[in-house]
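A.B. asks: Below is the file model_23.txt, with compact mmCIF, C-alpha atoms.
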# COMPACT_ATOMS: atom_id res chain seq x y z
CA MET L 29 152.62 -84.92 -74.12
CA ARG L 30 152.59 -82.34 -71.34
CA PRO L 31 153.68 -83.86 -67.99
CA ARG L 32 150.71 -84.56 -65.76
CA GLY L 33 152.00 -82.26 -63.06
CA SER L 34 151.85 -79.33 -65.44
CA VAL L 35 148.14 -79.96 -66.00
CA ALA L 36 147.50 -79.50 -62.30
CA SER L 37 149.61 -76.33 -62.22
CA ALA L 38 147.47 -74.85 -64.98
CA LEU L 39 144.32 -75.07 -62.85
CA VAL L 40 142.94 -71.58 -62.38
CA GLY L 41 139.62 -70.09 -61.40
CA ALA L 42 137.79 -66.85 -60.82
CA ALA L 43 137.16 -67.72 -57.18
CA VAL L 44 139.40 -68.91 -54.35
CA LEU L 45 140.17 -72.60 -54.73
CA VAL L 46 138.44 -74.76 -52.16
CA VAL L 47 140.35 -77.54 -50.45
CA LEU L 48 140.15 -80.78 -52.44
CA THR L 49 141.20 -84.29 -51.51
CA GLY L 50 144.46 -85.43 -53.06
CA CYS L 51 144.23 -88.30 -55.53
CA SER L 52 146.34 -91.17 -54.22
CA GLY L 53 147.36 -92.37 -57.67
CA GLU L 54 146.77 -95.97 -56.60
CA ASP L 55 144.59 -96.53 -59.65
CA GLY L 56 147.24 -95.18 -61.99
CA GLY L 57 145.56 -91.79 -62.42
CA PRO L 58 147.33 -88.44 -62.14
CA ASP L 59 148.29 -87.28 -58.64
CA VAL L 60 146.27 -84.06 -58.59
CA PRO L 61 143.63 -82.50 -56.30
CA THR L 62 140.25 -84.17 -56.75
CA ARG L 63 136.81 -84.32 -55.16
CA PRO L 64 133.98 -86.87 -55.25
CA PRO L 65 131.85 -86.02 -58.30
CA ALA L 66 128.94 -83.73 -57.43
CA THR L 67 125.44 -85.16 -57.82
CA ALA L 68 121.91 -83.82 -58.14
CA ALA L 69 120.20 -82.84 -54.91
CA VAL L 70 117.45 -85.11 -53.63
CA SER L 71 114.13 -83.58 -54.67
CA PRO L 72 111.07 -83.03 -52.50
CA GLU L 73 107.64 -84.21 -53.58
CA ALA L 74 106.47 -82.41 -56.71
CA ALA L 75 103.32 -80.33 -57.01
CA ASN L 76 101.44 -79.36 -60.19
CA PRO L 77 104.03 -79.98 -62.95
CA ALA L 78 103.59 -77.82 -66.02
CA GLY L 79 102.47 -79.38 -69.30
CA GLN L 80 101.69 -83.08 -69.56
CA VAL L 81 103.15 -86.05 -67.70
CA PHE L 82 103.31 -89.58 -69.14
CA PRO L 83 104.38 -92.85 -67.50
CA ALA L 84 108.08 -93.64 -67.88
CA ALA L 85 110.78 -95.64 -66.16
CA ALA L 86 113.26 -93.93 -63.85
CA THR L 87 115.67 -92.16 -66.21
CA LYS L 88 119.25 -90.93 -65.91
CA ALA L 89 119.76 -89.56 -69.44
CA LEU L 90 117.35 -88.10 -71.98
CA LEU L 91 117.98 -86.97 -75.56
CA ALA L 92 115.79 -85.76 -78.43
CA GLU L 93 117.39 -87.06 -81.63
CA ARG L 94 117.87 -84.00 -83.79
CA SER L 95 116.50 -85.13 -87.16
CA THR L 96 113.55 -87.31 -86.10
CA GLY L 97 112.60 -85.77 -82.76
CA ARG L 98 112.46 -89.26 -81.25
CA LEU L 99 113.30 -89.28 -77.57
CA ALA L 100 115.90 -91.67 -76.18
CA ALA L 101 115.56 -92.31 -72.44
CA LEU L 102 118.26 -94.31 -70.66
CA ASP L 103 117.03 -96.00 -67.50
CA THR L 104 118.88 -95.50 -64.21
CA ALA L 105 120.46 -98.96 -64.43
CA GLY L 106 121.75 -98.11 -67.91
CA THR L 107 120.56 -101.42 -69.32
CA ALA L 108 117.46 -100.32 -71.25
CA LEU L 109 116.95 -97.53 -73.77
CA ALA L 110 113.38 -96.39 -74.41
CA LEU L 111 112.77 -94.86 -77.84
CA ILE L 112 109.75 -92.59 -77.65
CA ASP L 113 107.69 -91.02 -80.42
CA PRO L 114 106.58 -87.62 -79.03
CA ALA L 115 103.26 -88.14 -80.80
CA ALA L 116 102.69 -91.37 -78.83
CA PRO L 117 104.79 -91.06 -75.64
CA ALA L 118 102.87 -93.74 -73.75
CA THR L 119 104.01 -96.55 -76.09
CA PRO L 120 107.82 -96.52 -76.27
CA ARG L 121 110.02 -99.06 -78.02
CA THR L 122 112.47 -100.49 -75.49
CA VAL L 123 115.93 -101.67 -76.53
CA SER L 124 117.92 -103.92 -74.20
CA LEU L 125 121.56 -102.83 -74.11
CA PRO L 126 124.48 -105.29 -74.00
CA ALA L 127 126.31 -103.13 -71.44
CA ALA L 128 125.24 -100.49 -68.94
CA GLY L 129 125.13 -97.10 -70.65
CA ALA L 130 126.52 -94.01 -68.95
CA SER L 131 125.36 -91.15 -71.22
CA LEU L 132 123.71 -90.30 -74.55
CA ALA L 133 124.76 -88.16 -77.50
CA GLN L 134 123.68 -87.24 -81.01
CA GLY L 135 125.08 -89.54 -83.70
CA THR L 136 124.69 -89.33 -87.45
CA PRO L 137 121.19 -88.18 -88.50
CA GLY L 138 118.61 -90.60 -87.11
CA GLU L 139 121.04 -92.17 -84.64
CA VAL L 140 121.66 -92.00 -80.89
CA LEU L 141 125.03 -92.83 -79.33
CA VAL L 142 125.30 -94.59 -75.97
CA ALA L 143 128.57 -94.46 -74.01
CA ALA L 144 129.16 -97.82 -72.30
CA PRO L 145 132.03 -99.93 -70.93
CA ASN L 146 134.47 -100.90 -73.71
CA ARG L 147 132.20 -99.69 -76.49
CA VAL L 148 130.05 -97.02 -78.06
CA LEU L 149 126.59 -98.22 -79.02
CA ARG L 150 124.93 -96.84 -82.13
CA VAL L 151 121.14 -97.04 -81.93
CA ASP L 152 118.72 -96.21 -84.74
CA ALA L 153 116.26 -93.81 -83.09
CA THR L 154 113.29 -95.19 -85.03
CA THR L 155 113.87 -98.93 -85.38
CA GLY L 156 116.08 -99.61 -82.38
CA THR L 157 118.68 -101.39 -84.49
CA LEU L 158 121.92 -101.52 -82.53
CA THR L 159 125.57 -101.81 -83.55
CA GLU L 160 128.74 -101.55 -81.47
CA ILE L 161 132.10 -99.85 -81.85
CA PRO L 162 134.73 -101.41 -79.56
CA VAL L 163 136.65 -98.93 -77.39
CA ASP L 164 139.41 -99.61 -74.89
CA GLY L 165 138.14 -98.40 -71.50
CA ASP L 166 134.98 -97.59 -69.56
CA VAL L 167 133.40 -94.99 -71.83
CA HIS L 168 131.67 -92.17 -69.94
CA SER L 169 131.21 -89.63 -72.74
CA VAL L 170 131.05 -89.45 -76.52
CA GLN L 171 130.41 -86.84 -79.20
CA THR L 172 130.40 -87.01 -82.99
CA ARG L 173 131.92 -84.50 -85.37
CA THR L 174 130.24 -83.41 -88.59
CA ASP L 175 132.58 -85.69 -90.57
CA GLY L 176 131.43 -88.74 -88.60
CA THR L 177 134.51 -89.13 -86.39
CA LEU L 178 133.90 -89.82 -82.71
CA VAL L 179 135.53 -88.25 -79.67
CA VAL L 180 135.32 -90.61 -76.70
CA GLY L 181 136.15 -90.01 -73.02
CA THR L 182 136.72 -92.74 -70.42
CA ALA L 183 136.44 -93.07 -66.67
CA ASP L 184 140.23 -93.00 -66.26
CA GLY L 185 140.58 -89.65 -68.03
CA THR L 186 141.66 -90.90 -71.46
CA LEU L 187 140.38 -89.15 -74.57
CA ARG L 188 140.33 -91.00 -77.90
CA GLU L 189 139.38 -89.87 -81.38
CA LEU L 190 138.01 -92.59 -83.66
CA ASN L 191 137.18 -92.79 -87.33
CA ALA L 192 133.63 -93.83 -88.18
CA ASP L 193 134.83 -97.45 -88.50
CA GLY L 194 136.27 -97.40 -84.97
CA THR L 195 139.94 -96.95 -85.88
CA VAL L 196 141.72 -94.90 -83.20
CA THR L 197 143.50 -91.89 -84.68
CA ARG L 198 144.49 -90.01 -81.51
CA THR L 199 144.85 -90.78 -77.80
CA ILE L 200 145.39 -88.17 -75.08
CA THR L 201 145.75 -88.90 -71.37
CA GLY L 202 146.22 -86.78 -68.25
CA LEU L 203 142.71 -86.15 -66.93
CA VAL L 204 141.25 -87.89 -63.90
CA SER L 205 137.94 -88.54 -65.66
CA ALA L 206 136.49 -87.43 -69.00
CA ASP L 207 132.82 -86.95 -68.15
CA ALA L 208 131.47 -84.62 -70.84
CA ILE L 209 132.87 -83.51 -74.19
CA ALA L 210 132.16 -80.16 -75.82
CA LEU L 211 132.89 -79.73 -79.54
CA THR L 212 132.81 -76.10 -80.74
CA GLY L 213 134.13 -75.65 -84.26
CA GLU L 214 137.63 -77.12 -84.33
CA ASN L 215 137.97 -76.95 -80.55
CA THR L 216 137.56 -79.83 -78.11
CA THR L 217 136.93 -79.18 -74.42
CA VAL L 218 136.39 -81.79 -71.71
CA LEU L 219 134.64 -81.58 -68.33
CA ASP L 220 136.45 -83.49 -65.58
CA ARG L 221 134.00 -83.88 -62.67
CA LYS L 222 136.61 -85.16 -60.21
CA GLN L 223 138.76 -82.07 -60.76
CA THR L 224 135.64 -79.90 -61.31
CA ALA L 225 137.45 -78.38 -64.28
CA VAL L 226 137.10 -77.76 -67.99
CA VAL L 227 140.15 -78.62 -70.07
CA ALA L 228 141.13 -77.64 -73.62
CA VAL L 229 142.51 -80.43 -75.78
CA GLY L 230 145.34 -79.70 -78.19
CA GLU L 231 146.69 -81.72 -81.11
CA ASP L 232 148.64 -84.17 -78.98
CA ALA L 233 148.27 -83.03 -75.36
CA LEU L 234 145.98 -81.33 -72.89
CA GLY L 235 145.92 -77.55 -72.97
CA LEU L 236 144.66 -74.91 -70.58
CA MET L 237 142.61 -76.09 -67.59
CA LEU L 238 140.13 -73.77 -65.84
CA ARG L 239 138.40 -74.40 -62.56
CA ALA L 240 134.65 -75.00 -63.06
CA GLY L 241 133.05 -73.90 -59.79
CA ASP L 242 132.83 -76.07 -56.69
CA GLY L 243 131.35 -79.21 -58.24
CA ALA L 244 130.49 -79.17 -61.94
CA THR L 245 128.29 -81.98 -63.25
CA ASN L 246 127.09 -81.38 -66.81
CA ALA L 247 128.11 -79.42 -69.90
CA ILE L 248 126.52 -78.65 -73.27
CA THR L 249 127.30 -76.42 -76.24
CA ASP L 250 125.16 -74.03 -78.26
CA PRO L 251 125.31 -72.84 -81.90
CA HIS L 252 127.17 -69.69 -80.80
CA GLY L 253 130.21 -71.70 -79.72
CA ARG L 254 129.51 -71.35 -76.02
CA ILE L 255 130.20 -74.13 -73.51
CA ILE L 256 127.61 -74.06 -70.74
CA VAL L 257 128.43 -75.82 -67.48
CA ALA L 258 126.25 -76.53 -64.45
CA ASP L 259 128.13 -76.00 -61.19
CA THR L 260 125.77 -78.06 -59.06
CA ALA L 261 127.71 -77.82 -55.80
CA GLY L 262 128.34 -74.09 -56.19
CA GLY L 263 124.86 -73.16 -57.41
CA GLU L 264 126.01 -71.39 -60.57
CA LEU L 265 125.84 -71.53 -64.35
CA LEU L 266 129.22 -71.04 -66.04
CA VAL L 267 129.64 -70.05 -69.68
CA TYR L 268 132.94 -70.51 -71.52
CA SER L 269 134.28 -69.95 -75.00
CA ALA L 270 137.04 -72.06 -76.55
CA GLY L 271 140.09 -71.24 -78.65
CA PRO L 272 141.36 -69.95 -76.22
CA LEU L 273 139.40 -71.33 -73.27
CA VAL L 274 137.91 -68.34 -71.40
CA LEU L 275 135.22 -68.02 -68.72
CA ARG L 276 132.77 -65.47 -70.17
CA GLN L 277 129.82 -65.54 -67.78
CA ARG L 278 129.00 -66.86 -64.34
CA PHE L 279 125.83 -66.23 -62.39
CA PRO L 280 123.95 -67.81 -59.49
CA VAL L 281 121.23 -70.39 -60.02
CA SER L 282 119.53 -71.51 -56.83
CA SER L 283 118.20 -74.97 -55.94
CA SER L 284 121.03 -77.19 -57.21
CA PRO L 285 121.32 -76.63 -60.99
CA TYR L 286 121.95 -79.94 -62.74
CA ALA L 287 120.65 -80.98 -66.18
CA LEU L 288 121.09 -78.68 -69.20
CA ALA L 289 119.43 -78.28 -72.60
CA TYR L 290 119.53 -75.65 -75.33
CA ASP L 291 116.59 -74.57 -77.49
CA PRO L 292 117.88 -73.09 -80.78
CA ARG L 293 114.42 -71.79 -81.71
CA SER L 294 114.10 -69.49 -78.71
CA GLU L 295 117.88 -69.33 -78.06
CA LEU L 296 117.31 -70.18 -74.40
CA VAL L 297 119.37 -72.36 -72.10
CA TRP L 298 117.27 -74.54 -69.82
CA VAL L 299 118.58 -75.84 -66.49
CA SER L 300 116.84 -78.17 -64.07
CA CYS L 301 116.86 -77.34 -60.36
CA THR L 302 116.45 -80.53 -58.38
CA GLN L 303 116.01 -78.95 -54.94
CA SER L 304 112.86 -77.18 -56.11
CA ASN L 305 111.59 -79.40 -58.96
CA GLU L 306 111.82 -76.63 -61.55
CA VAL L 307 113.29 -75.86 -64.95
CA VAL L 308 114.56 -72.34 -65.51
CA GLY L 309 115.13 -70.72 -68.90
CA TYR L 310 117.95 -68.19 -69.38
CA ASP L 311 118.74 -65.76 -72.17
CA LEU L 312 122.55 -65.42 -72.47
CA SER L 313 122.59 -62.84 -75.26
CA THR L 314 123.21 -59.80 -73.05
CA GLY L 315 126.46 -61.05 -71.52
CA ILE L 316 124.85 -62.20 -68.30
CA GLY L 317 122.16 -64.82 -67.86
CA VAL L 318 118.68 -63.30 -67.70
CA GLU L 319 115.93 -65.52 -66.33
CA VAL L 320 112.94 -65.51 -68.67
CA ALA L 321 110.93 -68.53 -67.50
CA ARG L 322 110.53 -70.77 -64.46
CA LEU L 323 108.31 -73.85 -64.63
CA ALA L 324 107.34 -76.60 -62.19
CA THR L 325 108.53 -80.13 -63.01
CA LEU L 326 107.89 -83.63 -61.81
CA ARG L 327 110.04 -84.98 -58.97
CA GLN L 328 113.80 -85.40 -59.41
CA PRO L 329 114.24 -83.73 -62.85
CA ASP L 330 117.74 -85.11 -63.49
CA SER L 331 117.38 -85.18 -67.31
CA ILE L 332 116.01 -82.61 -69.75
CA THR L 333 116.09 -82.20 -73.54
CA VAL L 334 114.54 -80.02 -76.26
CA ASP L 335 112.99 -81.23 -79.51
CA GLU L 336 114.75 -78.83 -81.89
CA ARG L 337 112.00 -79.22 -84.52
CA THR L 338 109.20 -77.98 -82.26
CA GLY L 339 110.85 -76.31 -79.27
CA ASP L 340 109.02 -78.65 -76.87
CA LEU L 341 110.89 -79.22 -73.61
CA PHE L 342 110.97 -82.71 -72.09
CA VAL L 343 111.86 -83.57 -68.49
CA ALA L 344 112.47 -87.08 -67.14
CA SER L 345 112.28 -88.15 -63.52
CA ALA L 346 115.14 -90.16 -62.03
CA VAL L 347 112.77 -91.78 -59.52
CA GLY L 348 110.15 -93.07 -61.96
CA ASP L 349 107.60 -90.27 -61.71
CA GLY L 350 107.29 -90.09 -65.48
CA LEU L 351 108.16 -88.07 -68.57
CA GLN L 352 107.00 -84.45 -68.78
CA ARG L 353 106.35 -82.48 -71.95
CA ILE L 354 106.14 -78.69 -71.80
CA GLY L 355 105.13 -77.40 -75.21
CA ALA L 356 106.71 -74.30 -76.71
CA ASP L 357 103.25 -72.72 -76.94
CA GLU L 358 102.62 -73.42 -73.25
CA ARG L 359 105.84 -71.65 -72.30
CA LYS L 360 104.81 -68.61 -74.30
CA ARG L 361 101.59 -68.44 -72.31
CA GLY L 362 103.66 -68.46 -69.12
CA GLN L 363 102.44 -71.88 -67.95
Render the structure in this file as structure tokens.
C.D. replies:
Amino acid sequence: MRPRGSVASALVGAAVLVVLTGCSGEDGGPDVPTRPPATAAVSPEAANPAGQVFPAAATKALLAERSTGRLAALDTAGTALALIDPAAPATPRTVSLPAAGASLAQGTPGEVLVAAPNRVLRVDATTGTLTEIPVDGDVHSVQTRTDGTLVVGTADGTLRELNADGTVTRTITGLVSADAIALTGENTTVLDRKQTAVVAVGEDALGLMLRAGDGATNAITDPHGRIIVADTAGGELLVYSAGPLVLRQRFPVSSSPYALAYDPRSELVWVSCTQSNEVVGYDLSTGIGVEVARLATLRQPDSITVDERTGDLFVASAVGDGLQRIGADERKRGQ
């Protein structure tokens, strides 16, 4: 494994590095420059959200399960998962979780994954049936490969790869925290919020690390192999490719960009702006992000997702103001 000090020395960026607070190492983590993780800005009162708004609990993570279109909404405490039929959003099925969930991810078809302390929870998106996979550590992030293997990231910066039955096949350490995982082809890339960096993962060690703005919070991938990162503190959207890890695009996004979603039907990236209660759609095909839509949301839009079957965009409020649906046809009319 590469010595931890060499990971820090690989940190590079397109802009001048801002001063970060040194990690004391008292918790056993690497002694590298860190910062408190960036968070969404506090939103003002909302006015005239686009589309329709339905009652919903305060939500910190939202996911449209790819094959069924069912929405999974994780409450801000992380202890309840609402499973929502888009055709009947006012009558969700609520699943009580055995541990506080941190994030959501796609599982096998029809399944949602919940990252939680010492486990990954598998939840059937339709029935709510729940099973657990034990994991050593406080799981913050999880993704599934096409062959069913899981890649799991923990709060202490450990990355583990697990077979579908939970058997650990690979363990890599050296990050401060593993907060989001991007799988693009055979490449694995991790977002470390405390180092505000994206890091390539090799066969048995960490690879190249690139600075991700001033305070990156969220990352997603798209079918073109791009890794899209919200630099919330720096007010930018960053676009990387992997194998090798390269920063391809960066452009300003005002009003504290935070949550991300990708619509494969329109090939647009959507980002929520919590300072202005908006979602903004960008076309990345020209080599620089081109804004093509800007829509009003409910208050504190910390979570967004797209139903890939219909192209409908969903926005969840982190302060309990509801669940918003903006239909694909409404966006075409400019609403």
A.B. asks: So that I can see what lies close to segment 152-159 of chain L, please list as a list of chain:residue names the residues with an atom at most 8 Å from it, counting all atoms listed in the file and leaving out residues fewer than 3 positions away in the same chain.
C.D. replies: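 The residues that qualify are L:Glu93, L:Thr96, L:Arg98, L:Leu99, L:Ala100, L:Leu111, L:Arg121, L:Thr122, L:Val123, L:Gly138, L:Glu139, L:Val140, L:Leu149.
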A.B. asks: Take the residues from that selection and put them in a file with C-alpha atoms, as a tab-separated table (two decimals), keeping the file's coordinate frame.
C.D. replies:
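Output saved as again-v1.tsv:
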chain	number	residue	atom	x	y	z
L	93	GLU	CA	117.39	-87.06	-81.63
L	96	THR	CA	113.55	-87.31	-86.10
L	98	ARG	CA	112.46	-89.26	-81.25
L	99	LEU	CA	113.30	-89.28	-77.57
L	100	ALA	CA	115.90	-91.67	-76.18
L	111	LEU	CA	112.77	-94.86	-77.84
L	121	ARG	CA	110.02	-99.06	-78.02
L	122	THR	CA	112.47	-100.49	-75.49
L	123	VAL	CA	115.93	-101.67	-76.53
L	138	GLY	CA	118.61	-90.60	-87.11
L	139	GLU	CA	121.04	-92.17	-84.64
L	140	VAL	CA	121.66	-92.00	-80.89
L	149	LEU	CA	126.59	-98.22	-79.02
A.B. asks: For a test of reading the model, state the distance in Å between atom CA of Pro58 of chain L and atom CA of Leu275 of chain L, rounded to one decimal.
C.D. replies: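 Straight-line distance from atom CA of Pro58 of chain L to atom CA of Leu275 of chain L works out to 24.6 Å.
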A.B. asks: May I have a table of the residues of segment 57-156 of chain L lying at most 10 Å from segment 190-202 of chain L, giving each one's closest pair of atoms and their distance in Å to one decimal, counting all atoms listed in the file, ordered by chain and ascending residue number, as CSV?
C.D. replies:
residue,atom,partner,partner_atom,distance
L:Gly57,CA,L:Gly202,CA,7.7
L:Pro58,CA,L:Gly202,CA,6.4
L:Asp59,CA,L:Gly202,CA,9.8
L:Arg147,CA,L:Gly194,CA,9.7
L:Val148,CA,L:Gly194,CA,9.3
A.B. asks: Limited to C-alpha atoms, could you put the picked residues into a file as an mmCIF file, in the coordinates of the input?
C.D. replies:
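Result saved to selection.cif:
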data_model
loop_
_atom_site.group_PDB
_atom_site.id
_atom_site.type_symbol
_atom_site.label_atom_id
_atom_site.label_comp_id
_atom_site.auth_asym_id
_atom_site.auth_seq_id
_atom_site.Cartn_x
_atom_site.Cartn_y
_atom_site.Cartn_z
ATOM 1 C CA GLY L 57 145.560 -91.790 -62.420
ATOM 2 C CA PRO L 58 147.330 -88.440 -62.140
ATOM 3 C CA ASP L 59 148.290 -87.280 -58.640
ATOM 4 C CA ARG L 147 132.200 -99.690 -76.490
ATOM 5 C CA VAL L 148 130.050 -97.020 -78.060
#
A.B. asks: Considering all atoms listed in the file, return as a ChimeraX atom specification whatever protein or nucleic-acid residues lie within 12 Å of segment 309-313 of chain L, sequence-local ones (same chain, fewer than 6 positions apart) excluded.
C.D. replies: /L:250,252,254-256,265-268,276-281,285,287-292,294-301,319-324,332,334,341,359-360,362
A.B. asks: Between L:Gly348, L:Pro137, L:Gly181, L:Gly355, which residue has the minimum interatomic distance to Val229 of chain L, considering all atoms listed in the file?
C.D. replies: L:Gly181
A.B. asks: Looking at L:Ala261, L:Asn146, L:Val274, L:Thr212, which one is nearest to Met237 of chain L, with distances taken over all atoms listed in the file?
C.D. replies: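 Closest candidate: L:Val274.
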A.B. asks: Report, in Å to a single decimal, how far apart atom CA of Val170 of chain L and atom CA of Leu326 of chain L are.
C.D. replies: 28.0 Å
A.B. asks: Give me, please, the distance in Å between atom CA of Gly350 of chain L and atom CA of Gln134 of chain L, quoted to one decimal.
C.D. replies: 22.8 Å
A.B. asks: Contacts of Val347 of chain L at 8 Å or less, counting all atoms listed in the file, minus same-chain residues fewer than 6 places along, as a short mmCIF file (atom, residue, chain, number, x, y, z; two decimals) with C-alpha atoms, keeping the file's coordinate frame?
C.D. replies:
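part_27.cif written:
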data_model
loop_
_atom_site.label_atom_id
_atom_site.label_comp_id
_atom_site.auth_asym_id
_atom_site.auth_seq_id
_atom_site.Cartn_x
_atom_site.Cartn_y
_atom_site.Cartn_z
CA ALA L 85 110.78 -95.64 -66.16
CA ALA L 86 113.26 -93.93 -63.85
CA THR L 87 115.67 -92.16 -66.21
CA ARG L 327 110.04 -84.98 -58.97
CA GLN L 328 113.80 -85.40 -59.41
#
A.B. asks: Which one is closest to Arg221 of chain L: L:Pro251, L:Gly165, L:Gly97, L:Pro61? Count all atoms listed in the file.
C.D. replies: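 Result for the nearest residue to Arg221 of chain L: L:Pro61.
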A.B. asks: For Val204 of chain L, which of L:Ser304, L:Thr136, L:Thr67, L:Thr62 is the closest residue, counting only C-alpha atoms?
C.D. replies: L:Thr62
A.B. asks: Return the padded bounding box of segment 155-167 of chain L as lines of an AutoDock Vina configuration file: axis-aligned, built from all atoms listed in the file, 4 Å added on each side, with centre and edge lengths in Å to one decimal.
C.D. replies:
center_x = 126.6
center_y = -98.4
center_z = -77.5
size_x = 33.5
size_y = 14.8
size_z = 23.8
A.B. asks: From the list L:Asn246, L:Ser95, L:Gln80, L:Thr224, which residue is nearest Glu336 of chain L when using all atoms listed in the file?
C.D. replies: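 Under the stated criterion, the closest residue is L:Ser95.
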A.B. asks: Looking at all atoms listed in the file, which of L:Ser284, L:Ala130, L:Thr338, L:Leu203 is the one that sits closest to Leu234 of chain L?
C.D. replies: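 Selected residue with least distance to Leu234 of chain L: L:Leu203.
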A.B. asks: Within 8 Å of (145.5, -79.0, -71.6) in the file's own coordinates, which protein, DNA or RNA residues have an atom, counting all atoms listed in the file? List them as a list in words.
C.D. replies: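 Within 8 Å of (145.5, -79.0, -71.6), the protein and nucleic acid residues are Arg30, Val35, Val227, Ala228, Val229, Gly230, Ala233, Leu234, Gly235, Leu236 and Met237 of chain L.
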